[in-house]
$ cat data.cif   # mmCIF, C-alpha atoms
data_run
loop_
_atom_site.label_atom_id
_atom_site.label_comp_id
_atom_site.auth_asym_id
_atom_site.auth_seq_id
_atom_site.Cartn_x
_atom_site.Cartn_y
_atom_site.Cartn_z
CA MET A 58 122.24 62.57 190.56
CA ALA A 59 124.73 61.53 193.24
CA HIS A 60 126.10 64.41 195.30
CA PRO A 61 127.66 65.14 198.73
CA TYR A 62 125.57 68.25 199.55
CA PRO A 63 122.81 68.85 202.11
CA ILE A 64 119.37 69.36 200.59
CA ARG A 65 119.24 72.84 202.12
CA GLU A 66 122.44 73.86 200.25
CA ILE A 67 121.11 72.56 196.93
CA ALA A 68 117.78 74.33 197.46
CA ARG A 69 119.55 77.62 198.21
CA GLN A 70 121.73 77.26 195.10
CA ALA A 71 118.76 76.39 192.84
CA GLY A 72 116.36 78.92 194.37
CA VAL A 73 113.67 76.31 195.09
CA SER A 74 112.19 74.74 198.21
CA GLU A 75 113.83 71.89 200.10
CA ALA A 76 110.71 69.79 199.47
CA THR A 77 111.14 70.22 195.71
CA VAL A 78 114.78 69.18 195.88
CA ASP A 79 113.82 66.13 197.96
CA ARG A 80 111.21 65.08 195.37
CA VAL A 81 113.72 65.37 192.52
CA LEU A 82 116.54 63.57 194.30
CA ASN A 83 114.24 60.70 195.23
CA GLN A 84 112.59 60.64 191.79
CA ARG A 85 109.04 61.01 193.13
CA GLY A 86 107.83 63.05 190.14
CA GLY A 87 105.45 65.99 190.12
CA VAL A 88 108.20 68.52 189.33
CA ARG A 89 108.45 70.48 186.08
CA PRO A 90 111.35 69.41 183.78
CA SER A 91 112.74 72.95 183.87
CA THR A 92 112.92 72.79 187.67
CA VAL A 93 114.65 69.40 187.50
CA ASN A 94 117.19 70.95 185.17
CA ASP A 95 117.67 73.86 187.59
CA ILE A 96 118.45 71.41 190.37
CA ARG A 97 120.88 69.46 188.19
CA GLN A 98 122.61 72.72 187.30
CA ALA A 99 122.75 73.73 190.96
CA ILE A 100 124.57 70.49 191.82
CA ALA A 101 126.99 71.05 188.93
CA ASP A 102 127.60 74.61 190.14
CA LEU A 103 128.30 73.37 193.65
CA ASP A 104 130.76 70.81 192.25
CA ARG A 105 132.64 73.51 190.36
CA GLN A 106 132.65 75.89 193.30
CA ARG A 107 133.88 73.15 195.59
CA SER A 108 136.84 72.69 193.24
CA GLN A 109 137.47 76.43 193.30
CA LEU A 110 137.43 76.45 197.09
CA ARG A 111 139.99 73.64 197.14
CA LEU A 112 142.18 75.69 194.82
CA ASN A 113 141.86 78.94 196.74
CA GLY A 114 145.25 80.03 198.01
CA ARG A 115 147.09 76.94 196.75
CA VAL A 116 150.43 77.54 195.07
CA PHE A 117 151.48 75.24 192.22
CA MET A 118 155.14 75.55 191.26
CA ILE A 119 155.46 74.08 187.77
CA ASP A 120 158.68 73.43 185.88
CA ILE A 121 158.82 73.73 182.10
CA VAL A 122 161.73 71.79 180.56
CA MET A 123 162.20 71.99 176.80
CA GLN A 124 164.82 71.20 174.19
CA THR A 125 163.81 73.41 171.30
CA PRO A 126 164.96 76.49 169.36
CA ASP A 127 164.57 79.82 171.13
CA ARG A 128 161.80 80.97 168.81
CA PHE A 129 159.50 78.17 170.03
CA SER A 130 160.47 78.24 173.72
CA CYS A 131 159.79 82.00 173.75
CA ALA A 132 156.33 81.39 172.28
CA VAL A 133 155.62 78.75 174.94
CA LYS A 134 156.75 81.04 177.75
CA VAL A 135 154.56 83.89 176.53
CA ALA A 136 151.55 81.58 176.16
CA LEU A 137 151.96 80.14 179.67
CA GLU A 138 152.47 83.46 181.40
CA GLN A 139 149.41 84.92 179.70
CA GLU A 140 147.30 81.94 180.83
CA LEU A 141 148.34 82.09 184.49
CA PRO A 142 145.69 84.67 185.52
CA SER A 143 142.92 82.46 184.07
CA LEU A 144 143.94 79.65 186.45
CA ARG A 145 142.89 81.60 189.56
CA PRO A 146 142.03 81.12 192.39
CA ALA A 147 145.03 78.79 192.23
CA VAL A 148 148.38 80.56 192.14
CA VAL A 149 150.63 79.02 189.50
CA ARG A 150 154.30 79.91 189.43
CA SER A 151 156.69 78.68 186.77
CA ARG A 152 160.38 77.90 186.39
CA PHE A 153 161.95 77.45 182.97
CA ASP A 154 164.78 75.24 181.75
CA PHE A 155 165.15 75.84 178.02
CA ARG A 156 167.99 74.54 175.85
CA GLN A 157 168.43 74.59 172.09
CA LYS A 158 170.49 71.40 171.95
CA GLY A 159 171.66 68.72 174.32
CA GLU A 160 171.98 65.04 175.05
CA PRO A 161 169.29 62.87 176.68
CA ASP A 162 171.39 62.41 179.82
CA GLU A 163 171.47 66.20 180.26
CA ILE A 164 167.67 66.35 180.15
CA ALA A 165 167.54 63.41 182.59
CA SER A 166 169.89 65.26 184.97
CA ALA A 167 167.69 68.35 184.83
CA LEU A 168 164.61 66.26 185.65
CA ASP A 169 166.41 64.54 188.53
CA ALA A 170 167.35 67.96 189.93
CA ILE A 171 163.66 68.91 189.88
CA ALA A 172 162.80 65.68 191.71
CA ARG A 173 165.32 66.53 194.43
CA ARG A 174 164.20 70.12 195.00
CA GLY A 175 160.49 69.41 194.55
CA SER A 176 157.82 70.62 192.16
CA ARG A 177 154.07 70.33 191.67
CA GLY A 178 154.51 69.22 188.07
CA VAL A 179 156.64 69.28 184.93
CA ILE A 180 155.70 70.26 181.38
CA LEU A 181 158.24 68.53 179.15
CA LYS A 182 159.39 68.61 175.54
CA ALA A 183 162.32 66.23 175.21
CA PRO A 184 163.78 63.62 172.88
CA GLU A 185 162.55 60.07 173.34
CA ALA A 186 165.35 58.14 175.01
CA PRO A 187 165.66 55.51 177.78
CA GLU A 188 167.42 58.01 180.05
CA VAL A 189 164.58 60.52 179.74
CA ASN A 190 161.87 57.88 180.25
CA ALA A 191 163.67 56.66 183.39
CA ALA A 192 163.90 60.20 184.75
CA VAL A 193 160.17 60.71 184.14
CA GLN A 194 159.52 57.52 186.10
CA ARG A 195 161.59 58.85 189.01
CA LEU A 196 159.53 62.05 188.97
CA SER A 197 156.35 59.99 189.03
CA GLN A 198 157.63 58.00 192.00
CA ALA A 199 158.34 61.31 193.75
CA GLY A 200 154.72 62.36 193.24
CA ILE A 201 155.54 64.91 190.51
CA PRO A 202 153.26 64.51 187.47
CA VAL A 203 154.76 65.05 184.01
CA VAL A 204 152.79 66.36 181.02
CA THR A 205 154.49 66.07 177.63
CA LEU A 206 154.06 68.95 175.20
CA VAL A 207 154.12 68.79 171.37
CA SER A 208 156.32 65.67 171.35
CA ASP A 209 155.10 62.72 173.38
CA LEU A 210 156.89 60.07 175.46
CA PRO A 211 154.17 57.39 175.36
CA PHE A 212 156.27 54.66 176.99
CA SER A 213 157.15 56.79 179.99
CA LYS A 214 155.15 57.42 183.16
CA ARG A 215 153.89 60.81 181.96
CA VAL A 216 150.28 61.45 182.98
CA ALA A 217 149.17 63.00 179.66
CA TYR A 218 150.24 64.42 176.32
CA VAL A 219 149.13 67.88 175.19
CA GLY A 220 149.44 68.91 171.55
CA MET A 221 148.20 68.08 168.09
CA ASP A 222 147.81 64.67 166.49
CA ASN A 223 151.19 64.70 164.77
CA ARG A 224 150.48 61.93 162.24
CA SER A 225 147.33 63.71 161.15
CA ALA A 226 149.32 66.94 160.88
CA GLY A 227 151.85 65.23 158.61
CA ALA A 228 149.12 63.85 156.38
CA THR A 229 147.51 67.29 156.22
CA ALA A 230 150.85 68.77 155.14
CA ALA A 231 151.13 66.15 152.37
CA TYR A 232 147.68 67.09 151.09
CA LEU A 233 148.44 70.81 151.13
CA VAL A 234 151.83 70.51 149.41
CA ASN A 235 150.39 68.42 146.62
CA GLN A 236 147.45 70.76 146.17
CA TRP A 237 149.92 73.60 145.63
CA LEU A 238 152.14 71.58 143.29
CA GLY A 239 149.24 70.25 141.24
CA ASP A 240 148.99 67.02 139.28
CA SER A 241 150.47 68.15 135.98
CA ALA A 242 153.21 70.77 136.01
CA GLY A 243 154.36 69.72 139.48
CA ARG A 244 154.34 65.96 138.94
CA ASP A 245 158.14 65.75 138.89
CA SER A 246 158.71 68.19 141.75
CA ARG A 247 160.70 66.82 144.67
CA ILE A 248 159.76 67.77 148.26
CA LEU A 249 162.34 68.66 150.89
CA VAL A 250 161.36 67.34 154.35
CA ALA A 251 163.21 69.17 157.14
CA LEU A 252 163.39 67.84 160.72
CA SER A 253 165.35 69.18 163.68
CA ARG A 254 166.11 65.73 165.12
CA SER A 255 164.59 62.33 164.46
CA VAL A 256 164.77 61.48 168.18
CA PHE A 257 161.71 63.67 168.83
CA ARG A 258 158.67 61.43 168.58
CA GLY A 259 156.43 64.32 167.55
CA GLU A 260 158.64 65.08 164.55
CA GLU A 261 158.95 61.39 163.70
CA GLU A 262 155.16 60.99 163.73
CA ARG A 263 154.69 64.04 161.51
CA GLU A 264 157.16 62.56 159.05
CA ILE A 265 155.45 59.15 159.15
CA GLY A 266 152.07 60.77 158.50
CA PHE A 267 153.52 62.79 155.64
CA ARG A 268 155.31 59.87 153.97
CA SER A 269 152.32 57.55 154.39
CA ALA A 270 149.98 60.01 152.70
CA ILE A 271 152.48 60.58 149.87
CA ARG A 272 152.88 56.82 149.28
CA GLU A 273 149.14 56.27 149.29
CA ARG A 274 148.02 59.16 147.08
CA TRP A 275 151.07 60.49 145.23
CA PRO A 276 153.41 57.48 144.94
CA ASP A 277 155.53 59.03 142.17
CA ARG A 278 156.49 62.03 144.30
CA GLN A 279 160.14 62.04 145.42
CA LEU A 280 161.21 63.12 148.91
CA THR A 281 164.56 64.27 150.32
CA GLU A 282 165.14 64.59 154.06
CA ILE A 283 167.48 66.77 156.11
CA THR A 284 167.79 66.32 159.86
CA ASP A 285 169.97 66.69 162.99
CA SER A 286 170.07 70.49 162.70
CA ASP A 287 168.39 71.15 166.10
CA GLY A 288 166.27 73.60 164.11
CA LEU A 289 169.09 76.17 164.30
CA ASP A 290 169.37 78.53 161.36
CA THR A 291 173.08 78.03 160.66
CA SER A 292 172.80 74.24 160.56
CA VAL A 293 169.53 74.27 158.64
CA TYR A 294 170.96 76.62 156.01
CA GLU A 295 173.96 74.39 155.27
CA LEU A 296 171.86 71.24 155.12
CA ALA A 297 169.29 72.89 152.83
CA LEU A 298 172.03 74.18 150.52
CA GLY A 299 173.47 70.68 150.26
CA ALA A 300 170.07 69.18 149.42
CA LEU A 301 169.41 71.81 146.75
CA ASP A 302 172.82 71.20 145.20
CA ARG A 303 172.20 67.44 145.06
CA HIS A 304 168.66 67.67 143.68
CA ALA A 305 167.77 70.12 140.94
CA ASP A 306 164.08 69.11 141.16
CA ILE A 307 163.37 70.27 144.76
CA GLU A 308 160.48 72.74 144.44
CA ALA A 309 158.59 72.32 147.72
CA VAL A 310 159.25 72.08 151.46
CA TYR A 311 157.58 70.48 154.45
CA SER A 312 159.36 71.99 157.43
CA ILE A 313 158.76 69.88 160.53
CA GLY A 314 161.55 71.21 162.73
CA GLY A 315 161.75 74.92 161.89
CA GLY A 316 164.55 77.12 160.62
CA ASN A 317 162.33 78.38 157.83
CA ARG A 318 164.17 81.65 157.20
CA ALA A 319 167.32 79.60 156.67
CA ILE A 320 165.63 77.20 154.24
CA LEU A 321 164.25 80.09 152.20
CA GLY A 322 167.67 81.73 152.33
CA ALA A 323 169.14 78.61 150.75
CA PHE A 324 166.58 78.76 147.92
CA ASP A 325 167.42 82.44 147.41
CA ALA A 326 171.16 81.75 147.42
CA ARG A 327 170.74 79.16 144.65
CA ARG A 328 168.21 81.31 142.78
CA ARG A 329 165.67 78.52 143.05
CA ARG A 330 161.90 78.85 143.30
CA CYS A 331 159.98 77.26 146.16
CA ARG A 332 156.49 76.60 144.84
CA ALA A 333 154.98 75.28 148.10
CA PHE A 334 156.18 75.64 151.69
CA ILE A 335 154.24 74.15 154.64
CA ALA A 336 155.51 74.89 158.16
CA HIS A 337 154.49 74.45 161.80
CA ASP A 338 153.72 76.94 164.58
CA LEU A 339 153.02 80.66 164.61
CA ASP A 340 156.20 82.04 166.09
CA ARG A 341 157.33 85.55 165.17
CA ASP A 342 159.41 84.31 162.20
CA ASN A 343 156.55 82.35 160.67
CA ARG A 344 154.13 85.24 161.07
CA ASP A 345 156.48 87.51 159.17
CA LEU A 346 157.13 84.91 156.46
CA LEU A 347 153.41 84.24 156.02
CA GLN A 348 152.61 87.93 155.71
CA ALA A 349 155.42 88.29 153.18
CA GLY A 350 154.02 85.43 151.09
CA ARG A 351 157.11 83.24 151.59
CA LEU A 352 155.19 80.45 153.35
CA SER A 353 152.17 78.81 151.72
CA ALA A 354 150.52 77.78 154.99
CA VAL A 355 151.30 77.07 158.65
CA LEU A 356 149.83 74.15 160.62
CA TYR A 357 148.87 75.74 163.91
CA HIS A 358 147.63 74.65 167.29
CA ASP A 359 146.77 77.12 170.01
CA LEU A 360 149.64 77.17 172.51
CA HIS A 361 147.54 79.16 174.98
CA ARG A 362 144.98 76.35 175.03
CA ASP A 363 147.75 73.76 175.37
CA MET A 364 149.43 75.50 178.31
CA HIS A 365 146.12 76.06 180.09
CA ARG A 366 145.22 72.39 179.67
CA ALA A 367 148.65 71.21 180.82
CA CYS A 368 148.31 73.20 184.05
CA GLN A 369 144.79 71.87 184.62
CA ILE A 370 146.03 68.30 184.17
CA ILE A 371 148.71 68.84 186.80
CA MET A 372 146.06 70.16 189.20
CA GLN A 373 143.86 67.14 188.45
CA ALA A 374 146.78 64.82 189.13
CA HIS A 375 147.00 66.35 192.61
CA GLY A 376 143.24 66.05 193.18
CA ALA A 377 142.78 69.82 193.21
CA LEU A 378 140.33 69.67 190.31
CA ASP A 379 137.54 67.15 189.95
CA GLY A 380 137.33 64.60 187.18
CA SER A 381 139.60 62.06 185.60
CA ILE A 382 142.38 63.18 183.30
CA VAL A 383 141.07 63.07 179.74
CA THR A 384 143.14 64.42 176.90
CA ALA A 385 142.30 64.95 173.25
CA PRO A 386 144.55 66.19 170.46
CA ALA A 387 144.54 69.93 169.90
CA PRO A 388 142.66 70.97 166.75
CA ILE A 389 144.89 71.50 163.71
CA GLN A 390 144.30 74.84 162.02
CA VAL A 391 145.58 75.71 158.56
CA ILE A 392 146.77 79.31 158.64
CA THR A 393 147.31 81.32 155.45
CA PRO A 394 148.23 85.00 155.01
CA PHE A 395 144.50 85.76 155.16
CA ASN A 396 143.53 84.23 158.52
CA ILE A 397 146.52 84.84 160.79
CA PRO A 398 145.24 85.01 164.41
CA PRO A 399 145.99 88.26 166.24
CA GLU A 400 149.34 88.20 167.97
CA VAL A 401 149.17 88.63 171.74
CA VAL A 402 152.31 90.39 172.94
CA ALA A 403 153.48 89.84 176.49
#
$ encode --input "data.cif" --output "structure tokens"
Amino acid sequence: MAHPYPIREIARQAGVSEATVDRVLNQRGGVRPSTVNDIRQAIADLDRQRSQLRLNGRVFMIDIVMQTPDRFSCAVKVALEQELPSLRPAVVRSRFDFRQKGEPDEIASALDAIARRGSRGVILKAPEAPEVNAAVQRLSQAGIPVVTLVSDLPFSKRVAYVGMDNRSAGATAAYLVNQWLGDSAGRDSRILVALSRSVFRGEEEREIGFRSAIRERWPDRQLTEITDSDGLDTSVYELALGALDRHADIEAVYSIGGGNRAILGAFDARRRRCRAFIAHDLDRDNRDLLQAGRLSAVLYHDLHRDMHRACQIIMQAHGALDGSIVTAPAPIQVITPFNIPPEVVA
């Protein structure tokens, strides 16, 4: 029960005498277990309040840099801004650099600009590339912690990754698609796997998890991939049309990189039925498509939880919150038309 507090302060917090606190701290016995627990709780409360006092009045300017379609960056921005009040007494301010497409050197230049002007931390979704990893290292050397979001950069100097276990998500998608297709009538159905870009590690890991599960449990199932669309509807639509024209047996979709309206539009244009469609994230498009019955299920992780945790990690990296940085994958939720979480509108 190590602590930095005077016995008098612990006694006041626990509502017991100083003599009782002294007996517990020195393990001399003769104190009821419930009172021992009260003293332990008092020390924990003082720890937490000490952290809050350190935070009081501190301003954390955090930069969010993302290469992603607008529909996802908008969802991230809303989630972060709604979490900011819960981070008090710290004052967290945010700056956003969102782009739908770009080259790794452009992301690296944006990160270098942040290093020059200063920041308390960066939340980053970027393609995995040597230029980006090097820029993250320069931020680390400048004392600016980087937290990766949704897509990790494990060989960089980022301090933590926040998001779901992407391989597990891919395997979950494989299970769901094959449950919808069934083992008899859908045995010959081909699955369309849609990525935005293979340079995003998160998307690559989802695909690996999906393909591994298919090989292990449904080895006769055929897959067709489309990629390098940046998740943009126009590009996704053309790529999906091409895949449907080449393969008359495509009857299901695992959409890793988005553009789901466009994929469904391609099925409609070719008068083809999509028997199973598994997607990611609960942006406005996916909510509407789920409610309309066009998506079978969405693999969801709570962006509000992710953004709150990312900000806490940045504070921990600066010593403003106690404890070592420990991260765990966000829980994967399977959302159907019947359990869509309430939408929180900014």
$ closest_residue --input "data.cif" --among "A:Leu196, A:Val293, A:Ala251, A:Leu144" --to "Arg366 (chain A)" --atoms "only C-alpha atoms"
A:Leu144
$ residues_around --input "data.cif" --residues "Ala165 (chain A)" --least-positions-apart "4" --cutoff "12 Å" --atoms "only C-alpha atoms" --output "list in words"
Val122, Met123, Gln124, Gly159, Glu160, Pro161, Asp169, Ala170, Ile171, Ala172, Leu181, Lys182, Ala183, Pro184, Glu185, Ala186, Pro187, Glu188, Val189, Asn190, Ala191, Ala192, Val193, Gln194, Arg195 and Leu196 of chain A
$ resolve_selection --input "data.cif" --expression "the PyMOL selection byres ((chain A and resi 264) around 10)" --output "ChimeraX atom specification"
/A:223-224,226-228,230-231,250-252,255,258-263,265-270,282,311-313
$ residues_around --input "data.cif" --residues "Asp325 (chain A)" --least-positions-apart "5" --cutoff "12 Å" --atoms "only C-alpha atoms" --output "PyMOL selection string"
chain A and resi 294+297-298+301+318-320+330-331+351
$ atom_distance --input "data.cif" --atom1 "CA of Ser253 (chain A)" --atom2 "CA of Ser151 (chain A)"
26.4 Å
